[in-house]
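The next block holds one structure in the form of structure tokens; read it before the comments.
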Amino acid sequence: MYGMSSTDLIRIVSRSSPMALAQVERVRAELAALRPGIRTEVVPVTTSGDRWMGDLSALGGKGAFTKEVDAALLAGEADLAVHCVKDVPADRPLPAGTVFAAYLKRDDIRDALIHPGGLTLDQMPEGARIGTSSVRRIAQLAVSHPHVECVPMRGNANRRLEKLDAGECDALLLAVSGLERIGRTDRITEILPVETMCPPIGAGVLALQCREDDAATIEAVSGLGDADAWKEITAERMLLHVLQGHCNSPIAGFARAERDGRLSLRARVFSPDGKTVLDAHEWAGPLDPATLGTSVAVALLRQGAREVIDTIPH
């Protein structure tokens, strides 16, 4: 097999937020341990999603965080991109000419509540303002805690924490994995179980994207991949692809690979006001992960998911 020589360099394109750079550092550390002869350098970009503080759907949705990164990769300005899988749209294929070479071992998929006074979600008083712009979180709070109010909150996790401290909201919902990556787990008041707050598709997984004709980089980084993460993400992204959910669709779900090799997928589709909740949960048995994702999506479509998704403006 072709191997890289000790002088080889992998240029990693990254958004310049603290979270994105922390994710790149994890990849650099894991790559240094696996392939000590390879040098890496970071090529920072600022995406339209980082610059824009309005509604993401006005920019074409989550792809606003990946477009410039994809462009740098395709133009040959970088060799590798590190993405949070949850930020990569699954209703359309990856940009032509690129491929995911590996999914890293999965981090915590849960959401955390951050309240300066230490209150839990169940202790929130009537009218408490929860900072989040996530349609997934808003819909689920409408189901479980209809007495709280959601206020729009964009920006990276550090910026959101600053807004909380400035009194722009009473509490925040953030991903546990993100807080772990930026070293701010000290702010967590409560970790919400997945039964209360079902995670986004792709939660807690970093994907390594390369040009599909760059065999040397693919070969160098594929060893970082985790087999369970590959199974889980393949099932989850096929579910999203079949549902054709857009960035304003409150869709949540997670697959779980058991130690004995079995795979399950739980998924939920909500109306934005939380009044409609569709739920499906299946075990793969002998099915491959993509077939499991398709099967769960079809179960949700049979319950009316298409109508719920299509009536949401985007």
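Labels used: A, B, ... for chains in the order of the structure tokens, numbers from 1 for residues in each chain, and numbers from 1 for ligands as shown.
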Can you list every residue in range 83-263 of chain A that DSSP puts in strand (DSSP E), as a PDB file with C-alpha atoms, in the first residue's frame?
```pdb
ATOM      1  CA  HIS A  83     -16.748  18.664  10.275  1.00  0.00           C
ATOM      2  CA  CYS A  84     -19.279  18.083  13.018  1.00  0.00           C
ATOM      3  CA  THR A  98     -15.230  14.891  -1.944  1.00  0.00           C
ATOM      4  CA  VAL A  99     -15.682  11.939   0.371  1.00  0.00           C
ATOM      5  CA  PHE A 100     -15.769  11.211   4.103  1.00  0.00           C
ATOM      6  CA  ALA A 101     -12.616   9.196   4.807  1.00  0.00           C
ATOM      7  CA  ALA A 102     -13.377   8.507   8.488  1.00  0.00           C
ATOM      8  CA  TYR A 103     -15.729   9.182  11.388  1.00  0.00           C
ATOM      9  CA  ASP A 111     -27.589  18.311  25.513  1.00  0.00           C
ATOM     10  CA  ALA A 112     -26.703  20.258  28.647  1.00  0.00           C
ATOM     11  CA  LEU A 113     -28.591  22.975  30.488  1.00  0.00           C
ATOM     12  CA  ILE A 114     -26.570  25.897  31.789  1.00  0.00           C
ATOM     13  CA  ARG A 129     -35.965  32.523  28.803  1.00  0.00           C
ATOM     14  CA  ILE A 130     -33.940  29.670  27.329  1.00  0.00           C
ATOM     15  CA  GLY A 131     -31.367  30.730  24.745  1.00  0.00           C
ATOM     16  CA  GLU A 149     -39.825  30.788  26.448  1.00  0.00           C
ATOM     17  CA  CYS A 150     -37.135  30.238  23.799  1.00  0.00           C
ATOM     18  CA  VAL A 151     -35.109  33.272  22.713  1.00  0.00           C
ATOM     19  CA  ALA A 171     -30.434  29.666  30.725  1.00  0.00           C
ATOM     20  CA  LEU A 172     -28.777  28.016  27.710  1.00  0.00           C
ATOM     21  CA  LEU A 173     -28.971  24.655  26.008  1.00  0.00           C
ATOM     22  CA  LEU A 174     -25.663  23.511  24.486  1.00  0.00           C
ATOM     23  CA  ALA A 175     -24.196  20.187  23.354  1.00  0.00           C
ATOM     24  CA  GLU A 190     -27.784  19.435  34.197  1.00  0.00           C
ATOM     25  CA  ILE A 191     -27.205  16.880  31.452  1.00  0.00           C
ATOM     26  CA  LEU A 206     -16.413  14.449  13.810  1.00  0.00           C
ATOM     27  CA  ALA A 207     -16.052  13.525  10.127  1.00  0.00           C
ATOM     28  CA  LEU A 208     -12.857  13.792   8.090  1.00  0.00           C
ATOM     29  CA  GLN A 209     -13.511  14.932   4.523  1.00  0.00           C
ATOM     30  CA  CYS A 210     -10.986  14.642   1.678  1.00  0.00           C
ATOM     31  CA  ARG A 211     -10.921  14.968  -2.094  1.00  0.00           C
ATOM     32  CA  ILE A 251     -35.844  16.008  13.293  1.00  0.00           C
ATOM     33  CA  ALA A 252     -33.969  14.198  16.052  1.00  0.00           C
ATOM     34  CA  GLY A 253     -32.544  10.740  16.452  1.00  0.00           C
ATOM     35  CA  PHE A 254     -29.607   8.523  17.205  1.00  0.00           C
ATOM     36  CA  ALA A 255     -28.339   5.076  16.313  1.00  0.00           C
ATOM     37  CA  ARG A 256     -26.565   2.882  18.821  1.00  0.00           C
ATOM     38  CA  ALA A 257     -24.163   0.058  18.039  1.00  0.00           C
ATOM     39  CA  LEU A 263     -27.621  -1.741  15.794  1.00  0.00           C
TER      40      LEU A 263
END
```
Alpha helix (DSSP H) per DSSP on the backbone: members of range 104-205 of chain A, as a VMD selection string: chain A and resid 135 to 144 157 to 165 176 to 181
What does the file look like for those residues with N, CA, C and O atoms, as a short mmCIF file (atom, residue, chain, number, x, y, z; two decimals), in the first residue's frame?
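Output file part_2.cif is given in full below:
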```cif
data_model
loop_
_atom_site.label_atom_id
_atom_site.label_comp_id
_atom_site.auth_asym_id
_atom_site.auth_seq_id
_atom_site.Cartn_x
_atom_site.Cartn_y
_atom_site.Cartn_z
N VAL A 135 -34.28 24.51 16.06
CA VAL A 135 -35.68 24.12 15.91
C VAL A 135 -35.95 22.79 16.61
O VAL A 135 -37.05 22.54 17.12
N ARG A 136 -34.93 21.94 16.67
CA ARG A 136 -35.07 20.64 17.36
C ARG A 136 -35.30 20.85 18.85
O ARG A 136 -36.19 20.24 19.45
N ARG A 137 -34.50 21.73 19.46
CA ARG A 137 -34.66 21.97 20.90
C ARG A 137 -35.97 22.71 21.20
O ARG A 137 -36.66 22.40 22.16
N ILE A 138 -36.29 23.70 20.35
CA ILE A 138 -37.51 24.50 20.57
C ILE A 138 -38.75 23.60 20.55
O ILE A 138 -39.63 23.70 21.41
N ALA A 139 -38.83 22.71 19.56
CA ALA A 139 -39.99 21.83 19.44
C ALA A 139 -40.11 20.90 20.64
O ALA A 139 -41.20 20.68 21.18
N GLN A 140 -38.96 20.37 21.10
CA GLN A 140 -39.01 19.43 22.22
C GLN A 140 -39.33 20.13 23.54
O GLN A 140 -40.01 19.56 24.40
N LEU A 141 -38.84 21.36 23.70
CA LEU A 141 -39.21 22.12 24.90
C LEU A 141 -40.70 22.45 24.90
O LEU A 141 -41.35 22.46 25.95
N ALA A 142 -41.26 22.68 23.70
CA ALA A 142 -42.70 22.96 23.60
C ALA A 142 -43.52 21.75 24.06
O ALA A 142 -44.61 21.89 24.62
N VAL A 143 -42.95 20.54 23.86
CA VAL A 143 -43.62 19.32 24.31
C VAL A 143 -43.48 19.14 25.82
O VAL A 143 -44.46 18.91 26.54
N SER A 144 -42.23 19.24 26.31
CA SER A 144 -41.94 18.84 27.69
C SER A 144 -42.03 19.98 28.71
O SER A 144 -42.34 19.76 29.87
N ALA A 157 -20.11 28.68 21.00
CA ALA A 157 -20.49 28.37 22.39
C ALA A 157 -19.94 29.41 23.37
O ALA A 157 -20.65 29.83 24.30
N ASN A 158 -18.70 29.84 23.18
CA ASN A 158 -18.13 30.87 24.07
C ASN A 158 -18.95 32.15 24.02
O ASN A 158 -19.22 32.79 25.05
N ARG A 159 -19.35 32.53 22.80
CA ARG A 159 -20.12 33.77 22.63
C ARG A 159 -21.50 33.63 23.30
O ARG A 159 -22.00 34.56 23.93
N ARG A 160 -22.11 32.45 23.19
CA ARG A 160 -23.41 32.24 23.83
C ARG A 160 -23.29 32.31 25.35
O ARG A 160 -24.18 32.82 26.02
N LEU A 161 -22.22 31.76 25.88
CA LEU A 161 -22.00 31.84 27.34
C LEU A 161 -21.86 33.30 27.78
O LEU A 161 -22.37 33.69 28.84
N GLU A 162 -21.18 34.10 26.96
CA GLU A 162 -21.05 35.54 27.26
C GLU A 162 -22.43 36.21 27.26
O GLU A 162 -22.73 37.05 28.11
N LYS A 163 -23.27 35.85 26.28
CA LYS A 163 -24.62 36.44 26.20
C LYS A 163 -25.46 36.04 27.42
O LYS A 163 -26.24 36.84 27.93
N LEU A 164 -25.31 34.79 27.86
CA LEU A 164 -26.01 34.34 29.07
C LEU A 164 -25.56 35.17 30.27
O LEU A 164 -26.38 35.67 31.06
N ASP A 165 -24.24 35.34 30.40
CA ASP A 165 -23.70 36.09 31.54
C ASP A 165 -24.11 37.56 31.49
O ASP A 165 -24.18 38.23 32.53
N VAL A 176 -23.25 18.78 25.08
CA VAL A 176 -22.22 18.37 26.04
C VAL A 176 -20.87 18.22 25.34
O VAL A 176 -19.84 18.68 25.85
N SER A 177 -20.87 17.59 24.16
CA SER A 177 -19.59 17.35 23.47
C SER A 177 -18.88 18.66 23.12
O SER A 177 -17.66 18.75 23.23
N GLY A 178 -19.65 19.67 22.74
CA GLY A 178 -19.04 20.96 22.42
C GLY A 178 -18.41 21.60 23.65
O GLY A 178 -17.30 22.15 23.58
N LEU A 179 -19.11 21.53 24.78
CA LEU A 179 -18.57 22.09 26.03
C LEU A 179 -17.31 21.34 26.46
O LEU A 179 -16.35 21.93 26.97
N GLU A 180 -17.31 20.03 26.21
CA GLU A 180 -16.10 19.24 26.52
C GLU A 180 -14.93 19.70 25.65
O GLU A 180 -13.80 19.84 26.13
N ARG A 181 -15.21 19.96 24.37
CA ARG A 181 -14.12 20.32 23.44
C ARG A 181 -13.49 21.66 23.79
O ARG A 181 -12.29 21.85 23.57
#
```
Near-range 66-77 of chain A list (10 Å; only C-alpha atoms; drop same-chain fewer than 3 positions) as a ChimeraX atom specification: /A:11-15,43-49,62-63,80-84,87-89,94-98,209-212
Spatial neighbours of Ala33 in chain A, max dist 12 Å, only C-alpha atoms, sep filter under 6 positions, as an NGL selection string: :A and (26-27 or 39 or 220-221 or 223-224)
Please produce an output containing N, CA and C atoms for each residue in the selection, written as a short mmCIF file (atom, residue, chain, number, x, y, z; two decimals), in the first residue's frame.
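Saved the output as result_6.cif:
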```
data_model
loop_
_atom_site.label_atom_id
_atom_site.label_comp_id
_atom_site.auth_asym_id
_atom_site.auth_seq_id
_atom_site.Cartn_x
_atom_site.Cartn_y
_atom_site.Cartn_z
N ARG A 26 -7.74 17.88 18.08
CA ARG A 26 -7.97 16.46 18.39
C ARG A 26 -7.51 15.59 17.22
N VAL A 27 -7.86 16.01 16.00
CA VAL A 27 -7.45 15.24 14.81
C VAL A 27 -5.94 15.22 14.68
N ARG A 39 3.36 15.66 9.02
CA ARG A 39 3.19 17.01 9.59
C ARG A 39 1.82 17.54 9.21
N ALA A 220 -3.93 7.92 4.78
CA ALA A 220 -3.28 8.38 6.01
C ALA A 220 -4.27 8.54 7.16
N VAL A 221 -5.48 9.04 6.85
CA VAL A 221 -6.42 9.37 7.94
C VAL A 221 -7.48 8.30 8.20
N GLY A 223 -7.31 5.37 9.15
CA GLY A 223 -7.05 4.60 10.36
C GLY A 223 -7.59 5.26 11.62
N LEU A 224 -7.97 6.53 11.54
CA LEU A 224 -8.56 7.22 12.70
C LEU A 224 -10.03 6.87 12.87
#
```
